[in-house]
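Next comes input-v3.cif, with mmCIF, C-alpha atoms and all ligand atoms.
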```
data_entry
#
loop_
_atom_site.label_atom_id
_atom_site.label_comp_id
_atom_site.auth_asym_id
_atom_site.auth_seq_id
_atom_site.Cartn_x
_atom_site.Cartn_y
_atom_site.Cartn_z
CA MET A 1 -57.57 15.00 -65.81
CA ALA A 2 -57.13 18.76 -65.76
CA LYS A 3 -56.35 20.26 -69.13
CA ASP A 4 -53.55 22.77 -68.73
CA ALA A 5 -52.44 25.81 -70.72
CA LEU A 6 -49.29 27.89 -70.31
CA ILE A 7 -50.02 31.64 -70.45
CA VAL A 8 -46.91 33.73 -71.15
CA ILE A 9 -47.59 37.31 -70.11
CA ASP A 10 -46.02 40.29 -71.92
CA VAL A 11 -42.47 39.05 -72.62
CA GLN A 12 -41.90 42.08 -74.84
CA ASN A 13 -38.87 44.27 -75.54
CA ASP A 14 -40.17 47.26 -73.59
CA PHE A 15 -40.37 45.18 -70.40
CA CYS A 16 -36.87 43.71 -70.90
CA GLU A 17 -33.40 45.19 -70.52
CA GLY A 18 -33.08 48.48 -72.41
CA GLY A 19 -36.86 48.78 -72.83
CA ALA A 20 -39.06 51.76 -72.01
CA LEU A 21 -40.51 50.07 -68.89
CA ALA A 22 -37.73 47.59 -68.22
CA VAL A 23 -38.45 45.11 -65.44
CA SER A 24 -35.30 44.23 -63.54
CA GLY A 25 -34.16 40.73 -64.57
CA GLY A 26 -36.76 40.51 -67.33
CA ASN A 27 -34.27 39.00 -69.77
CA GLU A 28 -33.32 36.21 -67.36
CA ILE A 29 -36.70 34.51 -67.60
CA VAL A 30 -36.67 34.09 -71.39
CA PRO A 31 -34.63 30.83 -71.47
CA ILE A 32 -36.65 29.45 -68.52
CA ILE A 33 -39.92 30.21 -70.29
CA ASN A 34 -38.60 28.67 -73.53
CA LYS A 35 -38.13 25.35 -71.68
CA LEU A 36 -41.69 25.55 -70.34
CA ILE A 37 -43.07 26.27 -73.81
CA LEU A 38 -41.49 22.99 -75.00
CA ARG A 39 -43.18 21.08 -72.17
CA PHE A 40 -46.73 22.39 -72.61
CA ASP A 41 -49.20 21.20 -75.22
CA ARG A 42 -51.15 24.46 -75.21
CA VAL A 43 -49.39 27.83 -75.16
CA ILE A 44 -51.03 31.26 -75.11
CA LEU A 45 -49.20 34.59 -75.18
CA THR A 46 -50.31 38.07 -74.21
CA GLN A 47 -49.01 41.24 -75.78
CA ASP A 48 -49.42 44.70 -74.23
CA TRP A 49 -50.56 46.68 -77.28
CA HIS A 50 -51.16 50.37 -76.64
CA THR A 51 -52.23 53.12 -78.98
CA PRO A 52 -49.85 56.10 -79.23
CA ALA A 53 -50.73 58.68 -76.50
CA HIS A 54 -52.54 55.96 -74.54
CA SER A 55 -54.31 57.19 -71.39
CA SER A 56 -52.07 54.99 -69.20
CA PHE A 57 -49.00 56.99 -70.29
CA ALA A 58 -47.84 59.84 -68.02
CA SER A 59 -47.01 61.80 -71.18
CA SER A 60 -50.74 61.99 -71.95
CA HIS A 61 -51.42 63.89 -68.72
CA PRO A 62 -49.76 67.33 -68.48
CA GLY A 63 -47.87 67.78 -65.20
CA LYS A 64 -47.86 64.06 -64.41
CA ALA A 65 -44.74 61.91 -64.16
CA PRO A 66 -44.36 58.17 -64.68
CA PHE A 67 -45.34 56.05 -61.64
CA GLU A 68 -47.71 58.71 -60.29
CA THR A 69 -51.38 57.78 -60.15
CA ILE A 70 -54.48 59.39 -61.59
CA ALA A 71 -58.21 58.91 -61.05
CA MET A 72 -59.86 57.37 -64.11
CA PRO A 73 -63.62 56.73 -64.51
CA TYR A 74 -62.91 53.05 -63.77
CA GLY A 75 -60.71 53.70 -60.70
CA GLU A 76 -57.15 54.59 -59.81
CA GLN A 77 -54.61 54.15 -62.58
CA THR A 78 -50.82 54.14 -62.29
CA LEU A 79 -49.19 56.18 -65.05
CA TRP A 80 -46.36 54.58 -66.99
CA PRO A 81 -43.63 55.68 -69.37
CA ASP A 82 -44.75 55.32 -73.01
CA HIS A 83 -44.37 51.60 -73.74
CA CYS A 84 -45.52 48.77 -76.02
CA ILE A 85 -46.95 51.01 -78.71
CA GLN A 86 -48.68 49.03 -81.46
CA GLY A 87 -46.34 48.03 -84.28
CA THR A 88 -43.14 49.28 -82.63
CA ASN A 89 -40.05 47.26 -81.75
CA GLY A 90 -40.81 47.81 -78.05
CA ALA A 91 -44.09 45.95 -78.46
CA ASP A 92 -42.45 42.96 -80.18
CA PHE A 93 -41.81 39.79 -78.21
CA HIS A 94 -38.25 39.44 -76.90
CA PRO A 95 -36.20 38.20 -79.88
CA ASP A 96 -35.12 35.03 -78.03
CA LEU A 97 -38.62 34.04 -76.93
CA GLU A 98 -39.58 30.81 -78.72
CA TRP A 99 -43.14 31.95 -79.41
CA THR A 100 -43.88 30.17 -82.71
CA LYS A 101 -45.69 27.30 -80.98
CA ALA A 102 -48.28 29.63 -79.38
CA GLU A 103 -51.85 28.96 -80.47
CA LEU A 104 -53.28 32.32 -79.40
CA VAL A 105 -51.97 35.82 -78.82
CA ILE A 106 -54.22 37.99 -76.68
CA ARG A 107 -53.57 41.69 -77.24
CA LYS A 108 -54.65 44.08 -74.52
CA GLY A 109 -54.56 47.77 -73.70
CA PHE A 110 -55.54 48.75 -77.26
CA ARG A 111 -58.50 50.93 -76.23
CA PRO A 112 -57.15 54.49 -75.85
CA HIS A 113 -59.10 55.33 -72.69
CA ILE A 114 -58.63 52.20 -70.63
CA ASP A 115 -55.63 50.17 -69.53
CA SER A 116 -55.60 46.39 -69.30
CA TYR A 117 -53.29 44.51 -66.94
CA SER A 118 -55.19 41.25 -66.97
CA ALA A 119 -55.33 38.82 -69.88
CA PHE A 120 -59.03 38.35 -69.07
CA TYR A 121 -60.49 41.80 -68.33
CA GLU A 122 -59.54 45.41 -68.87
CA ASN A 123 -58.91 47.55 -65.80
CA ASP A 124 -62.63 48.36 -65.48
CA HIS A 125 -62.97 44.65 -64.54
CA VAL A 126 -66.01 44.32 -66.86
CA THR A 127 -64.72 44.51 -70.45
CA PRO A 128 -63.60 40.96 -71.37
CA THR A 129 -60.79 40.06 -73.75
CA GLY A 130 -62.49 36.79 -74.68
CA LEU A 131 -59.83 34.58 -73.08
CA ALA A 132 -62.17 32.94 -70.54
CA GLY A 133 -64.54 31.88 -73.31
CA TYR A 134 -61.66 30.58 -75.42
CA LEU A 135 -60.32 28.46 -72.55
CA ARG A 136 -63.77 27.09 -71.67
CA GLU A 137 -64.59 26.21 -75.24
CA ARG A 138 -61.33 24.29 -75.47
CA GLY A 139 -61.97 22.46 -72.19
CA ILE A 140 -58.97 24.01 -70.45
CA THR A 141 -59.45 24.00 -66.67
CA HIS A 142 -55.98 24.86 -65.36
CA VAL A 143 -53.66 27.71 -66.30
CA THR A 144 -49.97 28.15 -65.51
CA LEU A 145 -48.87 31.78 -65.66
CA VAL A 146 -45.37 33.18 -66.23
CA GLY A 147 -43.88 36.43 -67.55
CA LEU A 148 -43.87 40.14 -66.78
CA ALA A 149 -44.61 41.67 -64.48
CA THR A 150 -45.33 39.47 -61.44
CA ASP A 151 -47.14 42.21 -59.52
CA TYR A 152 -49.11 43.72 -62.42
CA CYS A 153 -50.10 41.81 -65.51
CA VAL A 154 -49.25 38.33 -64.19
CA ALA A 155 -51.01 38.94 -60.85
CA TYR A 156 -54.17 40.48 -62.33
CA SER A 157 -54.36 37.69 -64.90
CA ALA A 158 -54.00 35.04 -62.19
CA LEU A 159 -56.66 36.70 -60.01
CA ASP A 160 -59.13 36.87 -62.90
CA ALA A 161 -58.37 33.26 -63.88
CA ALA A 162 -59.22 32.14 -60.33
CA ALA A 163 -62.34 34.35 -60.23
CA GLN A 164 -63.45 32.78 -63.52
CA GLY A 165 -63.22 29.32 -62.00
CA PHE A 166 -59.94 28.14 -63.49
CA SER A 167 -57.29 26.68 -61.25
CA ALA A 168 -54.37 29.07 -61.53
CA GLU A 169 -50.70 28.63 -60.76
CA VAL A 170 -47.92 31.23 -61.00
CA LEU A 171 -44.32 30.02 -61.39
CA LEU A 172 -42.48 32.80 -59.56
CA ASP A 173 -39.01 31.95 -60.87
CA SER A 174 -40.36 32.48 -64.40
CA CYS A 175 -41.62 35.97 -63.54
CA ARG A 176 -40.03 39.29 -62.57
CA ALA A 177 -41.68 42.18 -60.72
CA ILE A 178 -41.87 45.97 -61.08
CA ASP A 179 -42.37 46.27 -57.28
CA LEU A 180 -43.75 49.79 -56.98
CA GLY A 181 -44.48 50.88 -53.39
CA GLY A 182 -44.64 47.35 -52.02
CA SER A 183 -46.81 46.07 -54.87
CA LEU A 184 -45.06 42.69 -55.03
CA ALA A 185 -45.73 41.83 -51.37
CA ALA A 186 -49.30 43.14 -51.59
CA MET A 187 -50.15 41.23 -54.76
CA THR A 188 -48.51 38.07 -53.39
CA ILE A 189 -50.90 38.15 -50.41
CA THR A 190 -53.89 38.98 -52.63
CA MET A 191 -53.11 36.09 -54.99
CA ARG A 192 -52.71 33.61 -52.12
CA LYS A 193 -56.01 34.71 -50.58
CA ALA A 194 -57.76 34.26 -53.92
CA GLY A 195 -56.58 30.66 -54.13
CA VAL A 196 -53.84 31.16 -56.72
CA THR A 197 -51.02 28.63 -56.25
CA LEU A 198 -47.62 30.33 -56.07
CA ILE A 199 -44.67 28.07 -56.83
C1 LIG B 201 -47.61 46.00 -67.43
C2 LIG B 201 -47.59 48.11 -66.56
C3 LIG B 201 -48.14 48.61 -67.72
C4 LIG B 201 -47.27 44.55 -67.25
C5 LIG B 201 -48.17 46.48 -68.59
O1 LIG B 201 -47.11 43.82 -68.26
O2 LIG B 201 -47.16 44.11 -66.08
N1 LIG B 201 -47.34 46.82 -66.42
N2 LIG B 201 -48.44 47.80 -68.73
ZN ZN B 202 -49.04 48.65 -70.56
#
```

How would this structure read if it were set down as structure tokens?
Ligand code: VGL
Ligand code: ZN
Amino acid sequence: MAKDALIVIDVQNDFCEGGALAVSGGNEIVPIINKLILRFDRVILTQDWHTPAHSSFASSHPGKAPFETIAMPYGEQTLWPDHCIQGTNGADFHPDLEWTKAELVIRKGFRPHIDSYSAFYENDHVTPTGLAGYLRERGITHVTLVGLATDYCVAYSALDAAAQGFSAEVLLDSCRAIDLGGSLAAMTITMRKAGVTLI
């Protein structure tokens, strides 16, 4: 029988109402995710965890505004408002998220010169976080993904999970999207093509 883990992506204050990079409806998913956490035997969380003046922040690039893009050595990077800075309230999990049961917290985006959307690899697609090895060593073969944002960190995590040979499922009603320039529709198609199950 497949061994399943719930991966809760970036349910942090800065992605919820009133946060620096608030995702519309982000708060609504907290009670839904809390019910899922109760149902799963294995729960893993991710936490976007940037250095101050991180290279993914528009404020680090003179003349650039949030949501513009820039060429980085590893490819095109969208620039964001300052968010989820290590040790700040914005980087904390939403206060109502029932996270105590989680067995692992994967922090990502902590290298100043590279962003990380995926829970598995940084945006260069080669620097691993260690999550694939952790799952394999624990015999976990199936991952269920929920959280923020559908079209960025959830989608890239699901794609990498599938590429790493895990069966991956995204529960769309437990996610909310940023939807920048059609990114939600595009990532939905990309996930389907990669064999990610969207529910
Ligand atoms: C995310 C943009 C920047 C996310 C994180 O969690 O989807 N998006 N950092
Ligand atoms: Zn980020």

Spatial neighbours of Thr190 of chain A, max dist 12 Å, only C-alpha atoms, sep filter under 5 positions, as a ChimeraX atom specification | /A:151-152,155-156,158-160,162,183-185,195-198

May I have the selected residues written with C-alpha atoms, as an mmCIF file, keeping the file's coordinate frame?
```
data_model
loop_
_atom_site.group_PDB
_atom_site.id
_atom_site.type_symbol
_atom_site.label_atom_id
_atom_site.label_comp_id
_atom_site.auth_asym_id
_atom_site.auth_seq_id
_atom_site.Cartn_x
_atom_site.Cartn_y
_atom_site.Cartn_z
ATOM 1 C CA ASP A 151 -47.140 42.210 -59.520
ATOM 2 C CA TYR A 152 -49.110 43.720 -62.420
ATOM 3 C CA ALA A 155 -51.010 38.940 -60.850
ATOM 4 C CA TYR A 156 -54.170 40.480 -62.330
ATOM 5 C CA ALA A 158 -54.000 35.040 -62.190
ATOM 6 C CA LEU A 159 -56.660 36.700 -60.010
ATOM 7 C CA ASP A 160 -59.130 36.870 -62.900
ATOM 8 C CA ALA A 162 -59.220 32.140 -60.330
ATOM 9 C CA SER A 183 -46.810 46.070 -54.870
ATOM 10 C CA LEU A 184 -45.060 42.690 -55.030
ATOM 11 C CA ALA A 185 -45.730 41.830 -51.370
ATOM 12 C CA GLY A 195 -56.580 30.660 -54.130
ATOM 13 C CA VAL A 196 -53.840 31.160 -56.720
ATOM 14 C CA THR A 197 -51.020 28.630 -56.250
ATOM 15 C CA LEU A 198 -47.620 30.330 -56.070
#
```

Mind running chain A against ligand LIG 201 (chain B) at 10 Å and telling me each contacting residue's nearest atom pair with the distance in Å (one decimal), counting all atoms listed in the file, chain and number ascending, as a tab-separated table?
```
residue	atom	partner	partner_atom	distance
A:Ile9	CA	B:LIG201	O1	6.8
A:Asp10	CA	B:LIG201	O1	5.2
A:Val11	CA	B:LIG201	O1	8.0
A:Gln12	CA	B:LIG201	O1	8.6
A:Asp14	CA	B:LIG201	O1	9.4
A:Phe15	CA	B:LIG201	O1	7.2
A:Leu21	CA	B:LIG201	C2	7.7
A:Ala22	CA	B:LIG201	N1	9.8
A:Val23	CA	B:LIG201	O2	8.8
A:Thr46	CA	B:LIG201	O1	8.9
A:Gln47	CA	B:LIG201	O1	8.2
A:Asp48	CA	B:LIG201	C5	6.0
A:Trp49	CA	B:LIG201	N2	8.9
A:His50	CA	B:LIG201	N2	8.8
A:Ser56	CA	B:LIG201	C3	7.6
A:Phe57	CA	B:LIG201	C3	8.8
A:Phe67	CA	B:LIG201	C2	9.6
A:Gln77	CA	B:LIG201	C3	9.9
A:Thr78	CA	B:LIG201	C2	8.1
A:Leu79	CA	B:LIG201	C3	8.1
A:Trp80	CA	B:LIG201	C3	6.3
A:Pro81	CA	B:LIG201	C3	8.5
A:Asp82	CA	B:LIG201	C3	9.2
A:His83	CA	B:LIG201	N2	7.5
A:Cys84	CA	B:LIG201	N2	7.9
A:Lys108	CA	B:LIG201	C5	9.1
A:Gly109	CA	B:LIG201	N2	7.9
A:Asp115	CA	B:LIG201	N2	7.6
A:Ser116	CA	B:LIG201	N2	7.3
A:Tyr117	CA	B:LIG201	C5	5.7
A:Ser118	CA	B:LIG201	O2	8.6
A:Ala119	CA	B:LIG201	O1	9.8
A:Gly147	CA	B:LIG201	O1	8.1
A:Leu148	CA	B:LIG201	O1	5.1
A:Ala149	CA	B:LIG201	O2	3.9
A:Thr150	CA	B:LIG201	O2	6.8
A:Asp151	CA	B:LIG201	O2	6.8
A:Tyr152	CA	B:LIG201	O2	4.2
A:Cys153	CA	B:LIG201	O2	3.8
A:Val154	CA	B:LIG201	O2	6.4
A:Ala155	CA	B:LIG201	O2	8.3
A:Tyr156	CA	B:LIG201	O2	8.7
A:Ser157	CA	B:LIG201	O2	9.7
A:Arg176	CA	B:LIG201	O2	9.3
A:Ala177	CA	B:LIG201	O2	7.9
A:Ile178	CA	B:LIG201	O2	7.5
```

So how many Å separate atom CA of Asp124 of chain A and atom CA of Lys3 of chain A, to one decimal?
->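 Taking atom CA of Asp124 of chain A as the start and atom CA of Lys3 of chain A as the end point, the length is 29.0 Å.
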
One decimal, Å: what's the distance from atom CA of Ala91 of chain A over to atom CA of Glu68 of chain A, could you say?
->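 Distance between the two atoms: 22.5 Å.
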
Near Leu36 of chain A, counting all atoms listed in the file, which residues have an atom at most 12 Å away, once you skip same-chain residues fewer than 3 positions from it, shown as number ranges by chain?
-> A: 5-8, 29-33, 39-44, 97-99, 101-102, 144-147, 171, 173-174

Best match for closeness to ligand ZN 202 (chain B) among A:Pro62, A:Asn123, A:Leu104, A:Asn34, counting only C-alpha atoms and all ligand atoms = A:Asn123

Segment 12-27 of chain A: axis-aligned bounding box, 3 Å on each side, centre and edge lengths in Å, one decimal, as lines of an AutoDock Vina configuration file:
```
center_x = -37.5
center_y = 45.4
center_z = -69.5
size_x = 14.8
size_y = 18.8
size_z = 18.0
```

Which residue of A:Ile199, A:Ile106, A:Ala71, A:Ile114 approaches ligand ZN 202 (chain B) most closely, using all atoms listed in the file =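 Of A:Ile199, A:Ile106, A:Ala71, A:Ile114, the one nearest ligand ZN 202 (chain B), counting all atoms listed in the file, is A:Ile114.
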
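Compared by their closest atoms to ligand ZN 202 (chain B), and using all atoms listed in the file, the residues A:Thr69, A:Thr127, A:Gln86, A:Ser24 rank with A:Gln86 nearest.
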
What is the atom CA of Ile140 of chain A-atom CA of Asp92 of chain A distance in Å, reported with one decimal?
-> 27.0 Å

Nearest candidate to ligand ZN 202 (chain B) (options A:Ala53, A:Leu172, A:Ile37, A:Ala194; using all atoms listed in the file) | A:Ala53

Selected residue, from A:Asp179, A:Glu28, A:Glu169, A:Asp4, that lies nearest to Asp96 of chain A when counting all atoms listed in the file = A:Glu28

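Considering the residues A:Gly165, A:Gly26, A:Pro112, A:Gly182 and counting all atoms listed in the file, ligand ZN 202 (chain B) has its shortest atom-to-atom contact with A:Pro112.
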